[in-house]
Amino acid sequence: MSAYTTRFGSLRNFQKGEIEIISDNPKNFAFSNVFDVASKSAPYEKVVVARNLQYVIEAIRAEGTSAWYAADHDEFVIVMDGAVEVELVKLDNPAEVALPGTNGAVMVRGEPAGKRMGRILLGRGHQALLPKGAAYRFRAEQPGCMIQQGIFGALSVEKWADICYR
Amino acid sequence: MNANTIITTAPSKLTGYCEFQLGNFSFSRDEYFVYVRWPAPATGTQTTHVMSADAFLRAMMRDVAWGFFYGQVNFDAVFGTTNLYGQVEVYAGAFNPAYASNKLALKETFDTPIVMATFKAILDDWTNKGFDPFAAPEETGTAWLGQKNGHNREAIDRARATCRRMPGLKGDAPLRTDDSGYPVNRAFRDVSQDEPVVMAEPGFENEVSAFNLFKFLSRSDVTWNPSITSVCKESLFCPTTEEYILPIKHGNDRVEWFLQLSDEITWDVESKETGMPRAKLTMRPGDVACMPADIRHQGFSHKRSMLLVWENANPELPKLYASGKLPINPIAF
Ligand SMILES: [Fe+2]
C-alpha cells in the first residue's frame, strides 16, 4: 500500500471544487476559493470570502510589505501558501488608532508609536495571533496567500459576484 | 421517580446489552443493529426504526460530545435531536415527510441533563472494547459488532478540544506532540511538522504567538469532531479532520461556513425540514462555501482531510433565523 498524499492548495496550483445542483441556486453557497481570490487581488487587499453577520474571513494576497494595521479586538491569520513575516508593535495609544468598539482592522497612519513586541516568521499552515491593541504589518518576498479571521471593517472588500459560482 | 433517573433494563441474557427508555422512545441493540421504537401518535401502535449499530454509536458519540451542537443532529433520515439550549427535542420521523404526513412522527422535549445522561449510558453500555466511535473505520475495525464485550471509556469520555484565545498561549489549550499522546495520524505523515519562528521581545512572550495549525490537525486522533483553535468574540474557528462519512446529518439553526484546508470532501445538502436533496458540493483545498440556515448536510471524505468549520456562537441566532429576522442565505449578489 502506498503512503497517503495530503493535498494543499497554492496560488499556482489549485483546482476549485464544484456544485452539482439538484434543486437549489448555486448563489446560496457563496462558493469561492481563497487561492483563486488571492491570485486576482492587489497585495494585502482584504477580500471577504465568508461573512457571518459582523464576522468575516478574508482572503489576502501577501506580497511585498503591507501598511501597518490595528484592531480593537483580536484577529488571527493563517498562511495558506508562501512565507510571511509578521511584525508587531504595542501601541502607546491604541484608542487613537482604533476607537474603542471599532469593528475590523484600520490602517495606522505612518509609523506606529509604541514598543516593538517582536516578529514572527510564518510558513504554510502556520497561524498567528494579531492581538488587540497591537499594530501589525506583513512582509512577503514572494506572493503568498493568507486567511484572516476578524470583523467586517472599513478595509473589508466584498466582491461576491466576481468570486462565487452563480 | 426523579426526572433525572436513567430508565434501563438488566442486560439481555442473549446479547449482554441493556435496553433504555427516554420518554416514549425505547432503545435496544443486538449483535448488529440498534432499534428505536416509539408509539405512533396516530394509532398508538409501535413504530420501529433500525440502524446499523456502528452508525448509531458514531452519531450518538457526536451528539454527546458536542452537547447536542447547534440545531439538528440527525442520526439518519428518521431519528435525531434538536438542541433547544437547556432542553433537547428528541424526534423520530418529524423531519421526514412520509412519517410526518402519516402522523407516525414523535417529538418529545426533555431537559438537557436527562437526555445527556441517557445517551451517555447507552454509549457506555453499547460501545465494546476496541471500538472508538471517533476513529475512522480503517483504524477501529469491527469491534463494534457482536455480543457485549467490555467498554471503551477512554475513547468515549474524551473532552472536546477547545481554547479560550488560541492553543499554545500561556494558560490556554496545549499544542499536540508525540509526548502528549498525539502522534501524527497515518494519513498525514507527509504534513510538515515545522514550527513558526517566534521572536518575542521580553515581556511580550504571551502576545507574540504562533503555532502550526496543520501540524496540530495532523495529530488529531478523532474524525468529524471540531476543536476550537481561535476565538474572535463569538467567531469560532473550529477545524477538524474528516475521514469516511460524517456520522450525522447536521441541520443548521444558523448559517455556518466551511473552508477546505486540505484534500477533498463531498457534501450532500438537503432541506432541513424534509430531507429532500438540494445540492452536492465537492470542496477542494482553498474552497469556501456557505451552509445556509435552512439545510442539513452530510460530508464524505475518501482520504483524511482538514476542514475549517466556522461558527458564530451568538446565542440569539436560532431565534433570529427562526423568526425570519435574519436571511437564511446571508450573501446576496
Ligand atoms: Fe454543520
# chains A, B, ... in the order shown; residues from 1 in each chain; ligands from 1
>>> interface_residues(of="chain B", to="chain A", cutoff="6 Å", atoms="only C-alpha atoms", output="VMD selection string")
chain B and resid 187 196 to 201 204 209 to 214 232 262 to 263 278 to 290 329 333
>>> residues_around(residues="Ala154 of chain A", least_positions_apart="4", cutoff="8 Å", atoms="only C-alpha atoms", output="short mmCIF file (atom, residue, chain, number, x, y, z; two decimals) with N, CA, C and O atoms, in the first residue's frame")
data_model
loop_
_atom_site.label_atom_id
_atom_site.label_comp_id
_atom_site.auth_asym_id
_atom_site.auth_seq_id
_atom_site.Cartn_x
_atom_site.Cartn_y
_atom_site.Cartn_z
N GLY A 104 -13.30 45.60 13.00
CA GLY A 104 -12.38 45.35 11.90
C GLY A 104 -11.06 46.09 12.04
O GLY A 104 -10.86 46.90 12.95
N ALA A 105 -10.17 45.78 11.11
CA ALA A 105 -8.85 46.40 11.13
C ALA A 105 -8.91 47.80 10.54
O ALA A 105 -9.73 48.07 9.66
N VAL A 106 -8.08 48.67 11.06
CA VAL A 106 -7.92 50.01 10.47
C VAL A 106 -6.45 50.18 10.12
O VAL A 106 -5.58 49.49 10.65
#
>>> select_by_dssp(residues="segment 68-100 of chain A", states="alpha helix (DSSP H)", output="PyMOL selection string")
chain A and resi 94-97
>>> residues_near_ligand(ligand="ligand 1", cutoff="8 Å", atoms="only C-alpha atoms and all ligand atoms", output="list in words")
Lys249, His250, Gly251, Asn252, Glu256, Met291, Arg296, His297, Gln298 and Val309 of chain B
>>> atom_distance(atom1="atom CA of Glu58 of chain A", atom2="atom CA of Glu45 of chain A")
8.9 Å
>>> closest_residue(among="B:Arg189, B:Ser235, B:Ile114, B:Trp144", to="Phe152 of chain A", atoms="only C-alpha atoms")
B:Ser235
